[in-house]
Amino acid sequence: MSEVRNMDTYMATYPDDEQYPVCRLELGLRKFSSCVEAINSANKPARKVDMAHWLETMADIIVKRANSRKQEADNWPSPYPPRIQNLMLEQQALGALIPAVNCIGSDTKTVCRVSDEVGHHKVTVAKLKESNPGVACSSKCGVPAGVPCKHCWAA
């Protein structure tokens, strides 16, 4: 604490135009703490406002943002968000390129074996109907969780 008092005493011996050379044009464009002081000066009115006001304001902003995003989600025509929907359409197009002869279903119709340039993949048909159809393929195909890969679409 004494170090702070010593620093305050030391700095008080110099006028502001010597502490902050940016205020003196004849010294050029040297900048020290003038940016910080300008920000502190600009924030003085805001710092005088009670913290409860800021909390209430932030809560209002959070609620408005949540409500607008909920409204946006409710108006979205697909059950999936745009990023996931685009990935699903991309994988669906890739699945359409796999020939039907490369998709062999089991006798019980529970598993479909799909072959492509990478290898053989096992797709469990029952998992395609669940809420996360991306787990139906036995391979890690590089798509995010929840997105059915091209093998699922081919099956």
# chains A, B, ... in the order shown; residues from 1 in each chain; ligands from 1
>>> residues_around(residues="Pro133 in chain A", least_positions_apart="2", cutoff="10 Å", atoms="only C-alpha atoms", output="list of chain:residue names")
A:Thr124, A:Val125, A:Ala126, A:Lys127, A:Leu128, A:Lys129, A:Glu130, A:Ser131, A:Val135, A:Ala136, A:Cys137, A:Ala145, A:Gly146, A:Val147, A:Pro148, A:Cys149, A:Cys152
>>> write_last_selection(atoms="N, CA and C atoms", output="mmCIF file, in the first residue's frame")
data_model
loop_
_atom_site.group_PDB
_atom_site.id
_atom_site.type_symbol
_atom_site.label_atom_id
_atom_site.label_comp_id
_atom_site.auth_asym_id
_atom_site.auth_seq_id
_atom_site.Cartn_x
_atom_site.Cartn_y
_atom_site.Cartn_z
ATOM 1 N N THR A 124 -27.258 -49.496 -39.020
ATOM 2 C CA THR A 124 -28.351 -50.123 -38.280
ATOM 3 C C THR A 124 -29.632 -49.353 -38.583
ATOM 4 N N VAL A 125 -30.575 -50.028 -39.219
ATOM 5 C CA VAL A 125 -31.785 -49.380 -39.721
ATOM 6 C C VAL A 125 -32.632 -48.811 -38.575
ATOM 7 N N ALA A 126 -32.751 -49.517 -37.465
ATOM 8 C CA ALA A 126 -33.586 -49.046 -36.353
ATOM 9 C C ALA A 126 -33.073 -47.716 -35.800
ATOM 10 N N LYS A 127 -31.757 -47.497 -35.818
ATOM 11 C CA LYS A 127 -31.192 -46.248 -35.292
ATOM 12 C C LYS A 127 -31.476 -45.051 -36.194
ATOM 13 N N LEU A 128 -31.813 -45.311 -37.455
ATOM 14 C CA LEU A 128 -32.145 -44.210 -38.365
ATOM 15 C C LEU A 128 -33.442 -43.519 -37.957
ATOM 16 N N LYS A 129 -34.314 -44.232 -37.254
ATOM 17 C CA LYS A 129 -35.603 -43.673 -36.850
ATOM 18 C C LYS A 129 -35.534 -42.972 -35.495
ATOM 19 N N GLU A 130 -34.392 -43.041 -34.809
ATOM 20 C CA GLU A 130 -34.255 -42.420 -33.504
ATOM 21 C C GLU A 130 -33.972 -40.928 -33.648
ATOM 22 N N SER A 131 -33.901 -40.231 -32.503
ATOM 23 C CA SER A 131 -33.711 -38.779 -32.532
ATOM 24 C C SER A 131 -32.314 -38.378 -33.007
ATOM 25 N N VAL A 135 -25.861 -41.785 -35.438
ATOM 26 C CA VAL A 135 -25.154 -42.919 -34.817
ATOM 27 C C VAL A 135 -25.449 -44.236 -35.516
ATOM 28 N N ALA A 136 -26.258 -44.226 -36.560
ATOM 29 C CA ALA A 136 -26.640 -45.463 -37.238
ATOM 30 C C ALA A 136 -25.477 -46.092 -37.994
ATOM 31 N N CYS A 137 -24.532 -45.299 -38.479
ATOM 32 C CA CYS A 137 -23.394 -45.810 -39.245
ATOM 33 C C CYS A 137 -22.286 -46.241 -38.291
ATOM 34 N N ALA A 145 -21.752 -34.958 -34.846
ATOM 35 C CA ALA A 145 -22.707 -35.857 -34.207
ATOM 36 C C ALA A 145 -24.124 -35.386 -34.510
ATOM 37 N N GLY A 146 -24.988 -36.316 -34.794
ATOM 38 C CA GLY A 146 -26.376 -35.991 -35.084
ATOM 39 C C GLY A 146 -26.675 -35.864 -36.558
ATOM 40 N N VAL A 147 -25.660 -35.781 -37.386
ATOM 41 C CA VAL A 147 -25.866 -35.656 -38.831
ATOM 42 C C VAL A 147 -25.657 -37.034 -39.457
ATOM 43 N N PRO A 148 -26.689 -37.575 -40.116
ATOM 44 C CA PRO A 148 -26.494 -38.869 -40.785
ATOM 45 C C PRO A 148 -25.508 -38.735 -41.940
ATOM 46 N N CYS A 149 -24.546 -39.631 -42.004
ATOM 47 C CA CYS A 149 -23.526 -39.568 -43.067
ATOM 48 C C CYS A 149 -24.114 -40.116 -44.373
ATOM 49 N N CYS A 152 -25.683 -43.601 -44.315
ATOM 50 C CA CYS A 152 -27.051 -43.680 -43.779
ATOM 51 C C CYS A 152 -28.068 -43.305 -44.846
#
>>> atom_distance(atom1="CA of Cys103 in chain A", atom2="CA of Glu117 in chain A")
13.0 Å
>>> select_by_dssp(residues="range 40-148 of chain A", states="strand (DSSP E)", output="VMD selection string")
chain A and resid 103 to 105 111 to 115 120 to 124
>>> select_by_dssp(residues="range 77-141 of chain A", states="alpha helix (DSSP H)", output="PyMOL selection string")
chain A and resi 82-96+125-128
>>> residues_around(residues="range 81-83 of chain A", least_positions_apart="4", cutoff="12 Å", atoms="only C-alpha atoms", output="PyMOL selection string")
chain A and resi 69-70+72-77+87-90+143-144+146-147
>>> atom_distance(atom1="CA of Gly95 in chain A", atom2="CA of Ala154 in chain A")
4.6 Å
>>> atom_distance(atom1="CA of Val63 in chain A", atom2="CA of Asn132 in chain A")
29.6 Å
